[in-house]
$ cat input05.txt   # compact mmCIF, C-alpha atoms
# COMPACT_ATOMS: atom_id res chain seq x y z
CA MET A 1 106.94 41.48 93.59
CA GLY A 2 105.68 44.97 92.88
CA ILE A 3 106.59 48.64 92.64
CA TYR A 4 106.43 49.19 96.39
CA LEU A 5 106.21 45.69 97.86
CA ASN A 6 109.30 43.51 97.33
CA PRO A 7 110.71 45.55 94.43
CA ARG A 8 113.24 44.31 91.90
CA ASN A 9 116.90 45.34 91.88
CA VAL A 10 116.90 47.32 88.62
CA ALA A 11 117.97 50.66 90.14
CA PHE A 12 120.94 49.16 92.00
CA ARG A 13 122.01 47.22 88.91
CA LYS A 14 122.09 50.46 86.94
CA ALA A 15 124.24 52.09 89.62
CA LEU A 16 126.72 49.22 89.38
CA ASN A 17 126.83 49.62 85.61
CA GLY A 18 127.68 53.31 85.85
CA ASP A 19 130.99 54.70 84.65
CA ILE A 20 132.07 55.31 88.25
CA TYR A 21 130.91 53.21 91.19
CA ILE A 22 132.42 53.34 94.68
CA ASP A 23 131.56 50.35 96.82
CA LYS A 24 129.63 51.25 99.98
CA THR A 25 128.12 47.80 100.55
CA ASP A 26 129.98 47.47 103.86
CA LEU A 27 127.16 49.62 105.22
CA ILE A 28 124.88 46.58 104.94
CA PRO A 29 126.26 44.63 107.94
CA ARG A 30 125.96 47.81 110.02
CA ILE A 31 122.26 47.99 109.15
CA ASN A 32 121.80 44.25 109.69
CA GLU A 33 122.78 44.74 113.33
CA ARG A 34 119.57 46.70 113.93
CA ILE A 35 117.09 44.17 112.46
CA ASP A 36 114.42 42.99 114.90
CA LYS A 37 115.80 45.07 117.76
CA PRO A 38 114.00 47.79 119.72
CA ASP A 39 116.18 50.43 118.02
CA CYS A 40 115.48 49.22 114.48
CA PHE A 41 114.45 52.71 113.33
CA LEU A 42 117.11 54.74 111.48
CA CYS A 43 116.87 58.16 109.84
CA VAL A 44 119.90 59.18 107.74
CA SER A 45 119.86 62.78 106.49
CA ARG A 46 122.33 64.38 104.10
CA PRO A 47 122.31 66.99 101.29
CA ARG A 48 120.85 66.50 97.83
CA ARG A 49 122.98 64.54 95.40
CA PHE A 50 124.97 62.95 98.23
CA GLY A 51 123.93 59.38 97.36
CA LYS A 52 120.79 58.98 99.48
CA SER A 53 118.74 57.23 96.80
CA MET A 54 121.60 54.97 95.72
CA VAL A 55 121.91 53.62 99.27
CA ALA A 56 118.15 53.12 99.47
CA ASP A 57 118.25 51.23 96.16
CA MET A 58 121.15 49.11 97.42
CA LEU A 59 119.32 48.15 100.61
CA ALA A 60 116.12 47.34 98.73
CA ALA A 61 118.06 45.13 96.29
CA TYR A 62 119.72 43.37 99.22
CA TYR A 63 116.70 42.70 101.43
CA SER A 64 113.84 42.29 98.93
CA LYS A 65 112.28 38.87 98.37
CA GLY A 66 111.24 40.13 94.96
CA CYS A 67 114.64 39.59 93.33
CA ASP A 68 117.83 37.54 93.36
CA SER A 69 120.72 39.93 93.96
CA ALA A 70 123.51 37.49 94.82
CA GLY A 71 125.27 38.18 91.54
CA LEU A 72 125.14 41.95 91.99
CA PHE A 73 126.86 41.77 95.37
CA GLY A 74 129.48 39.21 94.32
CA GLY A 75 132.96 40.47 95.15
CA LYS A 76 131.68 43.54 97.00
CA LYS A 77 132.84 44.47 100.51
CA GLY A 78 129.50 43.74 102.16
CA GLU A 79 129.58 40.12 101.01
CA ARG A 80 132.43 39.36 103.40
CA ALA A 81 130.29 39.98 106.49
CA GLU A 82 129.00 37.03 108.51
CA SER A 83 125.43 38.36 108.41
CA PHE A 84 125.36 38.91 104.64
CA GLU A 85 123.90 35.57 103.50
CA LYS A 86 121.44 35.47 106.39
CA HIS A 87 119.48 38.46 105.12
CA LEU A 88 120.17 38.44 101.37
CA ASN A 89 116.75 38.59 99.65
CA LYS A 90 115.06 37.08 102.71
CA HIS A 91 112.71 39.91 103.76
CA ASN A 92 109.43 41.52 102.79
CA VAL A 93 110.36 45.05 101.79
CA ILE A 94 108.18 48.13 101.39
CA ARG A 95 110.13 50.72 99.40
CA LEU A 96 108.69 54.24 99.13
CA ASP A 97 110.03 57.36 97.44
CA VAL A 98 107.79 59.99 99.03
CA GLN A 99 108.77 62.59 96.43
CA ARG A 100 106.95 60.60 93.75
CA PHE A 101 103.72 61.23 95.63
CA VAL A 102 104.38 64.93 96.26
CA GLU A 103 105.31 66.24 92.83
CA THR A 104 103.28 69.47 93.12
CA GLU A 105 101.58 71.46 95.87
CA ARG A 106 98.25 70.05 94.73
CA ASP A 107 99.38 66.63 95.97
CA LEU A 108 99.87 67.78 99.57
CA ASP A 109 96.27 67.13 100.60
CA THR A 110 96.03 63.67 99.02
CA PHE A 111 99.48 62.06 99.01
CA ILE A 112 99.09 60.09 102.27
CA GLY A 113 95.92 58.39 101.07
CA GLU A 114 97.53 57.75 97.69
CA MET A 115 100.57 56.10 99.26
CA GLU A 116 98.43 53.93 101.48
CA SER A 117 96.09 52.81 98.71
CA ARG A 118 98.89 51.84 96.33
CA VAL A 119 100.78 49.80 98.90
CA VAL A 120 97.59 48.19 100.19
CA ALA A 121 96.63 47.21 96.62
CA GLU A 122 99.93 45.38 96.19
CA LEU A 123 99.64 43.68 99.58
CA VAL A 124 96.14 42.44 98.73
CA LYS A 125 97.31 41.22 95.34
CA GLU A 126 100.56 39.55 96.37
CA MET A 127 99.86 38.18 99.85
CA PRO A 128 97.07 35.59 100.29
CA GLU A 129 96.58 36.49 103.94
CA CYS A 130 95.65 40.04 102.88
CA ALA A 131 93.26 39.03 100.07
CA ASP A 132 90.10 39.69 102.11
CA CYS A 133 91.17 43.18 103.23
CA PRO A 134 88.99 45.93 101.72
CA PRO A 135 90.86 48.11 99.19
CA ASP A 136 90.27 51.21 101.32
CA SER A 137 91.88 49.63 104.41
CA LYS A 138 94.46 51.57 106.36
CA LEU A 139 98.00 50.39 105.57
CA LYS A 140 98.75 49.80 109.25
CA ASN A 141 95.74 47.48 109.59
CA VAL A 142 96.69 45.39 106.54
CA LEU A 143 100.27 45.02 107.77
CA GLU A 144 99.03 43.93 111.18
CA GLN A 145 96.77 41.34 109.52
CA SER A 146 99.64 39.97 107.48
CA PHE A 147 101.94 39.75 110.50
CA TYR A 148 99.24 38.09 112.60
CA GLU A 149 98.66 35.41 109.96
CA THR A 150 102.27 34.67 108.99
CA GLY A 151 104.56 35.98 111.75
CA GLN A 152 106.67 37.62 109.04
CA GLY A 153 107.48 41.29 109.39
CA PHE A 154 108.51 44.00 106.97
CA ILE A 155 111.54 46.15 106.24
CA PHE A 156 110.63 49.74 105.33
CA ILE A 157 112.94 51.78 103.10
CA ILE A 158 111.68 55.34 102.70
CA ASP A 159 113.55 57.79 100.48
CA GLU A 160 113.04 61.59 100.49
CA TRP A 161 111.02 61.24 103.68
CA ASP A 162 111.24 65.02 104.32
CA CYS A 163 110.17 66.35 100.91
CA VAL A 164 106.82 67.25 102.49
CA PHE A 165 108.56 69.81 104.72
CA ARG A 166 110.40 71.27 101.75
CA MET A 167 107.27 71.45 99.61
CA ALA A 168 104.79 72.45 102.35
CA LYS A 169 107.03 74.91 104.18
CA THR A 170 104.12 76.87 105.67
CA ARG A 171 101.47 74.11 105.78
CA LYS A 172 101.69 73.09 109.42
CA ASP A 173 98.49 71.07 109.06
CA VAL A 174 100.02 68.92 106.32
CA GLN A 175 103.27 68.49 108.23
CA LYS A 176 101.47 67.35 111.38
CA GLU A 177 99.20 64.95 109.49
CA TYR A 178 102.25 63.40 107.81
CA LEU A 179 104.14 62.97 111.09
CA ASP A 180 101.03 61.48 112.68
CA PHE A 181 100.85 59.00 109.78
CA LEU A 182 104.48 57.95 110.27
CA ARG A 183 104.06 57.69 114.02
CA GLY A 184 100.98 55.51 113.59
CA LEU A 185 102.72 53.34 111.02
CA PHE A 186 105.83 52.68 113.11
CA LYS A 187 105.42 53.32 116.81
CA GLY A 188 104.61 50.15 118.75
CA SER A 189 104.16 48.09 115.55
CA GLU A 190 105.34 44.50 115.85
CA TYR A 191 105.46 44.06 112.07
CA VAL A 192 108.45 46.42 111.71
CA GLU A 193 111.74 44.50 111.38
CA LEU A 194 113.65 47.58 110.25
CA ALA A 195 112.81 51.11 109.14
CA TYR A 196 115.41 53.07 107.17
CA MET A 197 114.47 56.63 106.20
CA THR A 198 116.61 59.07 104.30
CA GLY A 199 116.21 62.74 103.43
CA ILE A 200 117.86 66.15 103.65
CA LEU A 201 116.41 67.21 107.00
CA PRO A 202 116.44 65.39 110.33
CA ILE A 203 113.06 64.56 111.83
CA LYS A 204 110.91 67.59 112.54
CA LYS A 205 110.75 68.84 116.13
CA TYR A 206 107.72 70.25 117.89
CA GLY A 207 108.91 72.24 120.87
CA GLU A 208 111.98 70.56 122.27
CA HIS A 209 111.08 67.02 121.24
CA SER A 210 111.12 64.98 118.05
CA ALA A 211 107.66 64.16 116.72
CA ILE A 212 108.84 60.60 116.02
CA ASN A 213 111.19 59.91 118.89
CA ILE A 214 111.73 56.21 118.10
CA PHE A 215 114.24 56.95 115.34
CA ARG A 216 118.00 56.94 115.79
CA GLU A 217 119.22 59.87 113.70
CA TYR A 218 122.41 60.20 111.65
CA SER A 219 122.92 63.64 110.15
CA MET A 220 125.47 66.14 108.83
CA VAL A 221 125.59 67.54 112.37
CA ASP A 222 125.75 64.16 114.12
CA PRO A 223 126.71 61.27 111.79
CA LYS A 224 127.64 59.00 114.69
CA ASP A 225 129.55 55.99 113.31
CA LEU A 226 128.30 56.27 109.70
CA GLY A 227 130.37 59.26 108.56
CA GLN A 228 132.24 57.31 105.88
CA TYR A 229 128.97 56.48 104.12
CA PHE A 230 127.86 60.11 103.70
CA GLY A 231 130.21 60.75 100.80
CA PHE A 232 133.61 59.64 99.46
CA THR A 233 136.66 59.22 101.70
CA ASP A 234 140.23 60.32 100.94
CA GLU A 235 141.29 56.78 100.09
CA GLU A 236 138.35 56.25 97.75
CA VAL A 237 138.97 59.52 95.91
CA LYS A 238 142.72 58.94 95.62
CA ALA A 239 142.11 55.53 94.06
CA GLU A 240 139.61 56.93 91.55
CA CYS A 241 141.88 59.86 90.64
CA ALA A 242 144.72 57.44 89.91
CA ARG A 243 142.41 55.22 87.87
CA HIS A 244 141.09 58.11 85.77
CA GLY A 245 144.26 60.18 85.50
CA VAL A 246 142.91 63.18 87.45
CA ASP A 247 144.94 65.50 89.73
CA TYR A 248 144.13 64.50 93.31
CA GLY A 249 145.39 67.80 94.75
CA GLU A 250 142.89 69.80 92.70
CA MET A 251 140.10 67.35 93.55
CA GLU A 252 140.87 67.81 97.25
CA LYS A 253 140.83 71.61 97.04
CA TRP A 254 137.56 71.75 95.13
CA TYR A 255 135.39 69.09 96.76
CA ASP A 256 136.87 67.90 100.09
CA GLY A 257 136.16 69.42 103.49
CA TYR A 258 132.97 67.97 104.98
CA LEU A 259 133.75 66.85 108.54
CA LEU A 260 131.75 63.79 109.53
CA GLY A 261 132.61 61.71 112.56
CA GLY A 262 136.27 62.72 112.48
CA LEU A 263 136.56 62.00 108.76
CA SER A 264 137.07 64.44 105.91
CA ILE A 265 134.47 63.62 103.28
CA TYR A 266 134.16 64.63 99.63
CA ASN A 267 131.03 65.72 97.79
CA PRO A 268 130.26 62.57 95.73
CA LYS A 269 128.27 64.24 92.94
CA SER A 270 131.05 66.69 92.15
CA VAL A 271 133.82 64.09 92.39
CA VAL A 272 132.05 61.81 89.91
CA ASP A 273 131.49 64.66 87.44
CA ALA A 274 135.08 65.89 87.74
CA LEU A 275 136.37 62.37 87.11
CA MET A 276 134.13 61.97 84.07
CA TRP A 277 134.74 65.35 82.44
CA LYS A 278 138.32 65.99 83.63
CA LYS A 279 137.38 69.55 84.61
CA PHE A 280 137.20 71.21 88.02
CA LYS A 281 134.22 73.50 88.49
CA SER A 282 130.98 73.81 90.48
CA TYR A 283 129.00 70.70 89.57
CA TRP A 284 126.92 70.14 92.70
CA THR A 285 125.94 73.80 93.18
CA GLY A 286 125.16 74.04 89.48
CA THR A 287 122.07 71.88 89.97
CA GLU A 288 120.17 74.81 91.49
CA THR A 289 120.42 78.61 91.31
CA TYR A 290 122.28 80.80 93.77
CA GLU A 291 118.96 82.16 95.09
CA ALA A 292 118.50 78.96 97.12
CA LEU A 293 121.47 79.98 99.29
CA LYS A 294 120.83 83.72 99.10
CA VAL A 295 117.39 83.40 100.71
CA TYR A 296 118.99 82.14 103.92
CA ILE A 297 122.14 84.25 104.18
CA ASP A 298 120.06 87.41 103.60
CA MET A 299 117.91 86.73 106.67
CA ASN A 300 118.03 89.56 109.19
CA PHE A 301 119.47 87.89 112.26
CA ASP A 302 122.07 89.55 114.46
CA GLY A 303 125.51 88.31 113.57
CA LEU A 304 124.52 86.28 110.49
CA ARG A 305 126.20 88.50 107.92
CA GLU A 306 129.27 88.87 110.07
CA ALA A 307 129.46 85.08 110.36
CA VAL A 308 129.26 84.65 106.57
CA THR A 309 131.96 87.29 106.11
CA VAL A 310 134.27 85.57 108.58
CA MET A 311 133.79 82.23 106.85
CA LEU A 312 134.42 83.71 103.42
CA GLY A 313 137.74 84.87 104.86
CA GLY A 314 138.58 81.28 105.74
CA GLY A 315 137.41 81.53 109.34
CA ARG A 316 135.03 79.51 111.50
CA CYS A 317 132.00 80.39 113.61
CA LYS A 318 130.77 78.87 116.85
CA ILE A 319 127.17 77.69 116.75
CA ASP A 320 124.64 75.83 118.87
CA PRO A 321 122.79 73.47 116.50
CA THR A 322 120.40 72.12 119.15
CA THR A 323 117.79 74.90 118.77
CA PHE A 324 117.17 74.13 115.08
CA GLN A 325 113.62 72.81 114.60
CA ASN A 326 114.50 70.66 111.56
CA ASP A 327 112.38 72.58 109.08
CA MET A 328 112.97 75.38 106.57
CA THR A 329 110.88 78.15 108.11
CA THR A 330 111.28 78.16 111.93
CA PHE A 331 114.32 80.37 112.58
CA LYS A 332 114.88 82.26 115.83
CA THR A 333 118.63 82.86 115.76
CA ARG A 334 121.51 82.99 113.31
CA ASP A 335 122.54 79.54 114.59
CA ASP A 336 119.28 78.06 113.27
CA VAL A 337 120.04 79.39 109.78
CA LEU A 338 123.65 78.23 109.88
CA THR A 339 122.55 74.78 111.04
CA LEU A 340 120.15 74.50 108.11
CA LEU A 341 123.02 75.40 105.78
CA VAL A 342 124.98 72.48 107.25
CA HIS A 343 122.14 70.09 106.44
CA LEU A 344 121.84 71.57 102.95
CA GLY A 345 125.58 71.07 102.34
CA TYR A 346 126.63 74.73 102.14
CA LEU A 347 128.56 74.55 105.41
CA THR A 348 130.18 71.79 107.39
CA TYR A 349 130.16 71.27 111.14
CA ASP A 350 133.11 70.51 113.37
CA GLU A 351 131.36 68.60 116.15
CA ARG A 352 134.37 68.61 118.47
CA ASN A 353 134.65 72.41 118.50
CA SER A 354 130.99 73.30 117.72
CA GLU A 355 132.11 75.34 114.70
CA VAL A 356 130.90 75.74 111.14
CA PHE A 357 132.88 76.76 108.06
CA ILE A 358 132.77 76.70 104.27
CA PRO A 359 134.14 73.29 103.25
CA ASN A 360 135.77 73.84 99.87
CA GLN A 361 136.31 75.99 96.78
CA GLU A 362 133.10 74.86 95.09
CA ILE A 363 130.95 76.13 97.97
CA SER A 364 133.04 79.28 98.42
CA GLN A 365 132.23 80.26 94.84
CA GLU A 366 128.54 79.71 95.51
CA PHE A 367 128.64 82.07 98.48
CA VAL A 368 130.34 84.74 96.37
CA ARG A 369 127.68 84.39 93.66
CA SER A 370 124.94 84.70 96.27
CA ILE A 371 126.20 87.96 97.79
CA LYS A 372 126.75 89.73 94.47
CA VAL A 373 123.12 90.83 94.26
CA GLY A 374 121.98 93.40 96.83
CA GLY A 375 122.74 94.08 100.46
CA TRP A 376 126.36 92.98 100.56
CA GLU A 377 128.00 95.99 98.95
CA GLY A 378 130.73 96.36 101.58
CA LEU A 379 131.93 92.82 101.22
CA MET A 380 131.64 92.83 97.43
CA ASP A 381 133.57 96.12 97.29
CA ALA A 382 136.35 94.48 99.26
CA LEU A 383 136.37 91.47 96.95
CA ASN A 384 136.14 93.52 93.76
CA ARG A 385 138.95 95.88 94.74
CA SER A 386 141.37 93.13 94.01
CA GLU A 387 141.15 90.29 91.54
CA GLU A 388 143.76 88.53 93.66
CA LEU A 389 141.47 88.79 96.70
CA LEU A 390 138.55 87.34 94.77
CA PHE A 391 140.61 84.39 93.56
CA ALA A 392 141.99 83.90 97.08
CA THR A 393 138.42 83.65 98.36
CA TRP A 394 137.51 81.06 95.75
CA ALA A 395 140.69 79.13 96.57
CA MET A 396 139.86 79.17 100.32
CA ASP A 397 143.14 80.96 101.09
CA GLY A 398 142.11 82.43 104.43
CA ARG A 399 145.33 84.30 105.13
CA ALA A 400 145.34 86.06 101.75
CA VAL A 401 141.67 86.99 102.13
CA ALA A 402 142.16 88.40 105.62
CA GLU A 403 145.17 90.45 104.52
CA GLY A 404 143.32 91.75 101.46
CA MET A 405 140.30 92.79 103.48
CA ALA A 406 142.48 94.51 106.07
CA LYS A 407 143.88 96.75 103.34
CA GLY A 408 140.38 97.81 102.19
CA LYS A 409 138.70 101.13 102.88
CA ARG A 410 135.87 99.47 104.80
CA PRO A 411 137.23 96.97 107.33
CA ILE A 412 135.17 93.83 107.85
CA SER A 413 135.16 92.20 111.28
CA ALA A 414 133.46 89.24 112.92
$ encode --input "input05.txt" --output "structure tokens"
Amino acid sequence: MGIYLNPRNVAFRKALNGDIYIDKTDLIPRINERIDKPDCFLCVSRPRRFGKSMVADMLAAYYSKGCDSAGLFGGKKGERAESFEKHLNKHNVIRLDVQRFVETERDLDTFIGEMESRVVAELVKEMPECADCPPDSKLKNVLEQSFYETGQGFIFIIDEWDCVFRMAKTRKDVQKEYLDFLRGLFKGSEYVELAYMTGILPIKKYGEHSAINIFREYSMVDPKDLGQYFGFTDEEVKAECARHGVDYGEMEKWYDGYLLGGLSIYNPKSVVDALMWKKFKSYWTGTETYEALKVYIDMNFDGLREAVTVMLGGGRCKIDPTTFQNDMTTFKTRDDVLTLLVHLGYLTYDERNSEVFIPNQEISQEFVRSIKVGGWEGLMDALNRSEELLFATWAMDGRAVAEGMAKGKRPISA
């Protein structure tokens, strides 16, 4: 067992010991279905603080040969599945948190080699069939050697896979080298039993095609059949509100509203904090400043400001998310910006109608904070003319907002 190869289950145990834990272990049998199949490559993208790392920790604790997790999963939903015992702590796991290797911009030119060398060192130390591999061997070559000797493959669990694109926004050379590394590691490799990647952004596109086209993607735009695992469902939140004596109606107004696969999903970070502190306010958006949103809604694309104004009034906007290049710098239309905001969690996407809107009161307040500074005087004048209008905006009362704006001196239209 090691840090990266066959890790222990400490992180998942801590999650179970938390004050609030909502059981998502029924995701495990869904993932088990993909093991050792041609489509065993999954990329699940969702906003920060939406439980990405917790799921990665859960899967590592379940699959890793480096621990005994039977007790941790006892009584959980996933344990009821027929495939549960078959895979419990039966696999070689390589668990990587890419963000740990890219802590500063100085790491961008060295992080790939650092990741490879650390994993190779553990493989050489822990696996006899790899003992003769030179320490500077490529990771792919060592994995091939191990598989050739033993016939046993590996499960890869990669968290924050896309942090490189968030850190190296303008370093196309670094982005391409990283994608080439992932392609070389996974594409056509017999040693891969399963690859599960998670991050905020879907896989980067070059032109019209994904640079790693072997992955099946699940995202805030297209969650497929995993929508219920992207956050908390109505039933889960109702049960926790009853358990903790918290008003469910207020919880719904503040943190519900993300549409994923036909389900209405709650922001998990904010729900947990509201349950703990018995107060309703902006918890998730409080983890970064309003400038993060302002940078994007201030971009000079035709129709972008009008779209934001319509959504602040409780309306929706049609978009085409297919032109988005899955990075944070390549924007050609307002739809590209709005699609990024969906992936970041500031908007939600109605797949059936191809529409985006502001999901809840928490996010509505963040939009208002972001437009207060510069360039949005007309809209802020309308909001400031009436305290009732401002509160209606925060409360996502579309009718009251529309009526209030209509009475203003400077009409605002879509």
$ closest_residue --input "input05.txt" --among "A:Arg369, A:Arg243, A:Lys125, A:Lys140" --to "Leu275 in chain A" --atoms "only C-alpha atoms"
A:Arg243
$ closest_residue --input "input05.txt" --among "A:Ile212, A:Leu293, A:Ala195, A:Glu240" --to "Asp273 in chain A" --atoms "all atoms listed in the file"
A:Glu240
$ residues_around --input "input05.txt" --residues "Glu217 in chain A" --least-positions-apart "5" --cutoff "9 Å" --atoms "all atoms listed in the file" --output "VMD selection string"
chain A and resid 41 to 45 202 to 203 222 to 224
$ residues_around --input "input05.txt" --residues "Asp298 in chain A" --least-positions-apart "3" --cutoff "9 Å" --atoms "only C-alpha atoms" --output "mmCIF file with C-alpha atoms, keeping the file's coordinate frame"
data_model
loop_
_atom_site.group_PDB
_atom_site.id
_atom_site.type_symbol
_atom_site.label_atom_id
_atom_site.label_comp_id
_atom_site.auth_asym_id
_atom_site.auth_seq_id
_atom_site.Cartn_x
_atom_site.Cartn_y
_atom_site.Cartn_z
ATOM 1 C CA LEU A 293 121.470 79.980 99.290
ATOM 2 C CA LYS A 294 120.830 83.720 99.100
ATOM 3 C CA VAL A 295 117.390 83.400 100.710
ATOM 4 C CA PHE A 301 119.470 87.890 112.260
ATOM 5 C CA LEU A 304 124.520 86.280 110.490
ATOM 6 C CA ARG A 305 126.200 88.500 107.920
ATOM 7 C CA ILE A 371 126.200 87.960 97.790
ATOM 8 C CA GLY A 375 122.740 94.080 100.460
ATOM 9 C CA TRP A 376 126.360 92.980 100.560
#
$ residues_near_point --input "input05.txt" --point "(141.2, 71.0, 84.9)" --cutoff "10 Å" --atoms "only C-alpha atoms" --output "VMD selection string"
chain A and resid 246 to 247 250 to 251 274 277 to 281
$ atom_distance --input "input05.txt" --atom1 "CA of Leu194 in chain A" --atom2 "CA of Ile35 in chain A"
5.3 Å
$ closest_residue --input "input05.txt" --among "A:Ala60, A:Val10, A:Val310, A:Ala81" --to "Arg30 in chain A" --atoms "only C-alpha atoms"
A:Ala81
$ closest_residue --input "input05.txt" --among "A:His244, A:Lys176, A:Lys65, A:Arg106" --to "Val271 in chain A" --atoms "only C-alpha atoms"
A:His244
$ closest_residue --input "input05.txt" --among "A:Phe324, A:Phe232, A:Phe156, A:Trp254" --to "Ser364 in chain A" --atoms "all atoms listed in the file"
A:Trp254
$ closest_residue --input "input05.txt" --among "A:Pro359, A:Gly199, A:Gly315, A:Gly184" --to "Asp162 in chain A" --atoms "only C-alpha atoms"
A:Gly199
$ atom_distance --input "input05.txt" --atom1 "CA of Glu351 in chain A" --atom2 "CA of Met311 in chain A"
16.7 Å
$ atom_distance --input "input05.txt" --atom1 "CA of Ala307 in chain A" --atom2 "CA of Asp256 in chain A"
21.3 Å
$ residues_near_point --input "input05.txt" --point "(100.4, 47.8, 101.0)" --cutoff "8 Å" --atoms "only C-alpha atoms" --output "list in words"
Tyr4, Leu5, Ile94, Glu116, Ser117, Arg118, Val119, Val120, Ala121, Glu122, Leu123, Val124, Leu139, Val142 and Leu143 of chain A
$ residues_around --input "input05.txt" --residues "Ile319 in chain A" --least-positions-apart "4" --cutoff "12 Å" --atoms "only C-alpha atoms" --output "MDAnalysis selection string"
chainID A and resid 221 303:304 307 323:324 333:342 347:357
$ write_last_selection --input "input05.txt" --atoms "C-alpha atoms" --output "PDB file, in the frame of the given file"
ATOM      1  CA  VAL A 221     125.590  67.540 112.370  1.00  0.00           C
ATOM      2  CA  GLY A 303     125.510  88.310 113.570  1.00  0.00           C
ATOM      3  CA  LEU A 304     124.520  86.280 110.490  1.00  0.00           C
ATOM      4  CA  ALA A 307     129.460  85.080 110.360  1.00  0.00           C
ATOM      5  CA  THR A 323     117.790  74.900 118.770  1.00  0.00           C
ATOM      6  CA  PHE A 324     117.170  74.130 115.080  1.00  0.00           C
ATOM      7  CA  THR A 333     118.630  82.860 115.760  1.00  0.00           C
ATOM      8  CA  ARG A 334     121.510  82.990 113.310  1.00  0.00           C
ATOM      9  CA  ASP A 335     122.540  79.540 114.590  1.00  0.00           C
ATOM     10  CA  ASP A 336     119.280  78.060 113.270  1.00  0.00           C
ATOM     11  CA  VAL A 337     120.040  79.390 109.780  1.00  0.00           C
ATOM     12  CA  LEU A 338     123.650  78.230 109.880  1.00  0.00           C
ATOM     13  CA  THR A 339     122.550  74.780 111.040  1.00  0.00           C
ATOM     14  CA  LEU A 340     120.150  74.500 108.110  1.00  0.00           C
ATOM     15  CA  LEU A 341     123.020  75.400 105.780  1.00  0.00           C
ATOM     16  CA  VAL A 342     124.980  72.480 107.250  1.00  0.00           C
ATOM     17  CA  LEU A 347     128.560  74.550 105.410  1.00  0.00           C
ATOM     18  CA  THR A 348     130.180  71.790 107.390  1.00  0.00           C
ATOM     19  CA  TYR A 349     130.160  71.270 111.140  1.00  0.00           C
ATOM     20  CA  ASP A 350     133.110  70.510 113.370  1.00  0.00           C
ATOM     21  CA  GLU A 351     131.360  68.600 116.150  1.00  0.00           C
ATOM     22  CA  ARG A 352     134.370  68.610 118.470  1.00  0.00           C
ATOM     23  CA  ASN A 353     134.650  72.410 118.500  1.00  0.00           C
ATOM     24  CA  SER A 354     130.990  73.300 117.720  1.00  0.00           C
ATOM     25  CA  GLU A 355     132.110  75.340 114.700  1.00  0.00           C
ATOM     26  CA  VAL A 356     130.900  75.740 111.140  1.00  0.00           C
ATOM     27  CA  PHE A 357     132.880  76.760 108.060  1.00  0.00           C
TER      28      PHE A 357
END
$ decode --input "input05.txt" --residues "range 52-64 of chain A" --atoms "N, CA and C atoms" --output "PDB file, in the first residue's frame"
ATOM      1  N   LYS A  52     -16.935  16.062  -5.383  1.00  0.00           N
ATOM      2  CA  LYS A  52     -16.103  15.289  -6.303  1.00  0.00           C
ATOM      3  C   LYS A  52     -15.079  14.434  -5.565  1.00  0.00           C
ATOM      4  N   SER A  53     -14.365  15.044  -4.631  1.00  0.00           N
ATOM      5  CA  SER A  53     -13.290  14.333  -3.937  1.00  0.00           C
ATOM      6  C   SER A  53     -13.845  13.254  -3.012  1.00  0.00           C
ATOM      7  N   MET A  54     -15.001  13.500  -2.415  1.00  0.00           N
ATOM      8  CA  MET A  54     -15.591  12.496  -1.531  1.00  0.00           C
ATOM      9  C   MET A  54     -15.919  11.226  -2.301  1.00  0.00           C
ATOM     10  N   VAL A  55     -16.450  11.378  -3.522  1.00  0.00           N
ATOM     11  CA  VAL A  55     -16.758  10.208  -4.346  1.00  0.00           C
ATOM     12  C   VAL A  55     -15.475   9.496  -4.739  1.00  0.00           C
ATOM     13  N   ALA A  56     -14.445  10.247  -5.097  1.00  0.00           N
ATOM     14  CA  ALA A  56     -13.164   9.635  -5.447  1.00  0.00           C
ATOM     15  C   ALA A  56     -12.595   8.863  -4.255  1.00  0.00           C
ATOM     16  N   ASP A  57     -12.700   9.437  -3.065  1.00  0.00           N
ATOM     17  CA  ASP A  57     -12.230   8.750  -1.854  1.00  0.00           C
ATOM     18  C   ASP A  57     -13.036   7.479  -1.592  1.00  0.00           C
ATOM     19  N   MET A  58     -14.347   7.550  -1.830  1.00  0.00           N
ATOM     20  CA  MET A  58     -15.208   6.391  -1.632  1.00  0.00           C
ATOM     21  C   MET A  58     -14.822   5.258  -2.583  1.00  0.00           C
ATOM     22  N   LEU A  59     -14.607   5.580  -3.843  1.00  0.00           N
ATOM     23  CA  LEU A  59     -14.247   4.556  -4.822  1.00  0.00           C
ATOM     24  C   LEU A  59     -12.875   3.956  -4.528  1.00  0.00           C
ATOM     25  N   ALA A  60     -11.934   4.796  -4.110  1.00  0.00           N
ATOM     26  CA  ALA A  60     -10.611   4.279  -3.760  1.00  0.00           C
ATOM     27  C   ALA A  60     -10.705   3.342  -2.562  1.00  0.00           C
ATOM     28  N   ALA A  61     -11.489   3.705  -1.560  1.00  0.00           N
ATOM     29  CA  ALA A  61     -11.660   2.857  -0.377  1.00  0.00           C
ATOM     30  C   ALA A  61     -12.329   1.537  -0.741  1.00  0.00           C
ATOM     31  N   TYR A  62     -13.201   1.569  -1.714  1.00  0.00           N
ATOM     32  CA  TYR A  62     -13.921   0.361  -2.128  1.00  0.00           C
ATOM     33  C   TYR A  62     -13.040  -0.580  -2.953  1.00  0.00           C
ATOM     34  N   TYR A  63     -12.324  -0.062  -3.909  1.00  0.00           N
ATOM     35  CA  TYR A  63     -11.577  -0.927  -4.828  1.00  0.00           C
ATOM     36  C   TYR A  63     -10.189  -1.315  -4.322  1.00  0.00           C
ATOM     37  N   SER A  64      -9.544  -0.484  -3.525  1.00  0.00           N
ATOM     38  CA  SER A  64      -8.128  -0.650  -3.216  1.00  0.00           C
ATOM     39  C   SER A  64      -7.800  -1.931  -2.449  1.00  0.00           C
TER      40      SER A  64
END
